[in-house]
Amino acid sequence: MTAAPSLLQVSPSDAELVQRVRQGDLDAYGLLMTRYRLRFGRYAFHLLGNESDAEEALQDAFTLAYRALDRCRQPERFAAWLFRILVNRCRTLATRRGRDEARRAPLELADAVGVAHPAERAIHREEIHRGLARLVPEQREAFLLKYVEELSYEEMAELTGAGQSALKMRVKRACERLREILDGYDAI
């Protein structure tokens with residue numbers, strides 16, 4: 001008698017998939033890529049401001065991670081390890097292309113400020129884009145990690161290598177600067 005297949009299929013953990021990749025199962029790496037492509041691609045897009053740069057950073061991160069998979073000391077924390085690689089690729093790409101100044105990313109933050117009419121939302125969204133673009137890269141990165149990716153300061157510190165107190169200060173300064181910038185738009 002054979003057991004009936006379970007209706008509830010449990011996805012393999014990251015650690016299991018990493019182990020399978022280390023044993024030569026390339027499909028397992030495809031599963032890891034599928035698992036993180038959307039979320040990490042969204043982060044890269046928000047940080048870099050355009051789809052082609054985000055895709056390049058994401059592909060570089062996946063390739064680098066695959067090549068260095070034997071150095072992933074905590075396979076159960078593969079996502080954090082991969083995200084750290086992605087953050088570094090985004091930084092490198094932004095610096096290499098001279099993108100430390102104005103960035104535009106289509107964040108849907110206008111809804112969060114309570115603007116109801118679509119035309120007003122578009123205006124506010126554009127103001128927010130410009131505001132984010134005017135932040136220094138470290139503040140923009142911290143702001144996006146905290147409020148778009150919704151990471152804890154502990155997770156942010158692990159990914160960026162910065163201390164939690166420094167990250168708290170970057171987020172605080174980013175929020176203060178965004179308020180100043182957005183108040184300036186209201187006055188126009």
# chains A, B, ... in the order shown; residues from 1 in each chain; ligands from 1
call {"tool": "select_by_dssp", "arguments": {"residues": "region 147-188 of chain A", "states": "alpha helix (DSSP H)", "output": "ChimeraX atom specification"}}
result
/A:153-160,164-187
call {"tool": "residues_around", "arguments": {"residues": "Asp60 (chain A)", "least_positions_apart": "5", "cutoff": "10 Å", "atoms": "only C-alpha atoms", "output": "list in words"}}
result
Ala54, Glu55, Ala65, Tyr66, Ile85, Leu86, Arg89 and Cys90 of chain A
call {"tool": "closest_residue", "arguments": {"among": "A:Arg173, A:Arg22, A:Arg42, A:Arg91", "to": "Val148 (chain A)", "atoms": "only C-alpha atoms"}}
result
A:Arg42
call {"tool": "closest_residue", "arguments": {"among": "A:Leu82, A:Leu182, A:Ala28, A:Ala68", "to": "Arg130 (chain A)", "atoms": "only C-alpha atoms"}}
result
A:Leu182
call {"tool": "residues_around", "arguments": {"residues": "region 158-172 of chain A", "least_positions_apart": "4", "cutoff": "8 Å", "atoms": "only C-alpha atoms", "output": "list in words"}}
result
Ala80, Trp81, Phe83, Arg84, Val87, Glu138, Gln139, Ala142, Phe143, Lys146, Tyr153, Glu154 and Glu176 of chain A
call {"tool": "write_last_selection", "arguments": {"atoms": "C-alpha atoms", "output": "mmCIF file, in the first residue's frame"}}
result
data_model
loop_
_atom_site.group_PDB
_atom_site.id
_atom_site.type_symbol
_atom_site.label_atom_id
_atom_site.label_comp_id
_atom_site.auth_asym_id
_atom_site.auth_seq_id
_atom_site.Cartn_x
_atom_site.Cartn_y
_atom_site.Cartn_z
ATOM 1 C CA ALA A 80 20.314 37.483 4.338
ATOM 2 C CA TRP A 81 23.610 36.416 2.759
ATOM 3 C CA PHE A 83 20.683 40.231 0.166
ATOM 4 C CA ARG A 84 24.036 41.478 1.486
ATOM 5 C CA VAL A 87 23.219 45.542 -1.502
ATOM 6 C CA GLU A 138 23.339 56.036 2.845
ATOM 7 C CA GLN A 139 20.126 57.704 4.015
ATOM 8 C CA ALA A 142 18.506 52.997 5.150
ATOM 9 C CA PHE A 143 15.088 54.532 4.456
ATOM 10 C CA LYS A 146 13.374 50.232 6.886
ATOM 11 C CA TYR A 153 17.512 47.441 12.516
ATOM 12 C CA GLU A 154 19.240 44.180 13.401
ATOM 13 C CA GLU A 176 13.703 64.648 8.659
#
call {"tool": "residues_around", "arguments": {"residues": "Arg177 (chain A)", "least_positions_apart": "6", "cutoff": "10 Å", "atoms": "only C-alpha atoms", "output": "PyMOL selection string"}}
result
chain A and resi 131-132+134-136+139+171+183
call {"tool": "closest_residue", "arguments": {"among": "A:Glu149, A:Glu141, A:Glu180, A:Glu16", "to": "Leu38 (chain A)", "atoms": "only C-alpha atoms"}}
result
A:Glu149
call {"tool": "closest_residue", "arguments": {"among": "A:Thr34, A:Gly24, A:Ile128, A:Thr95", "to": "Cys175 (chain A)", "atoms": "only C-alpha atoms"}}
result
A:Ile128
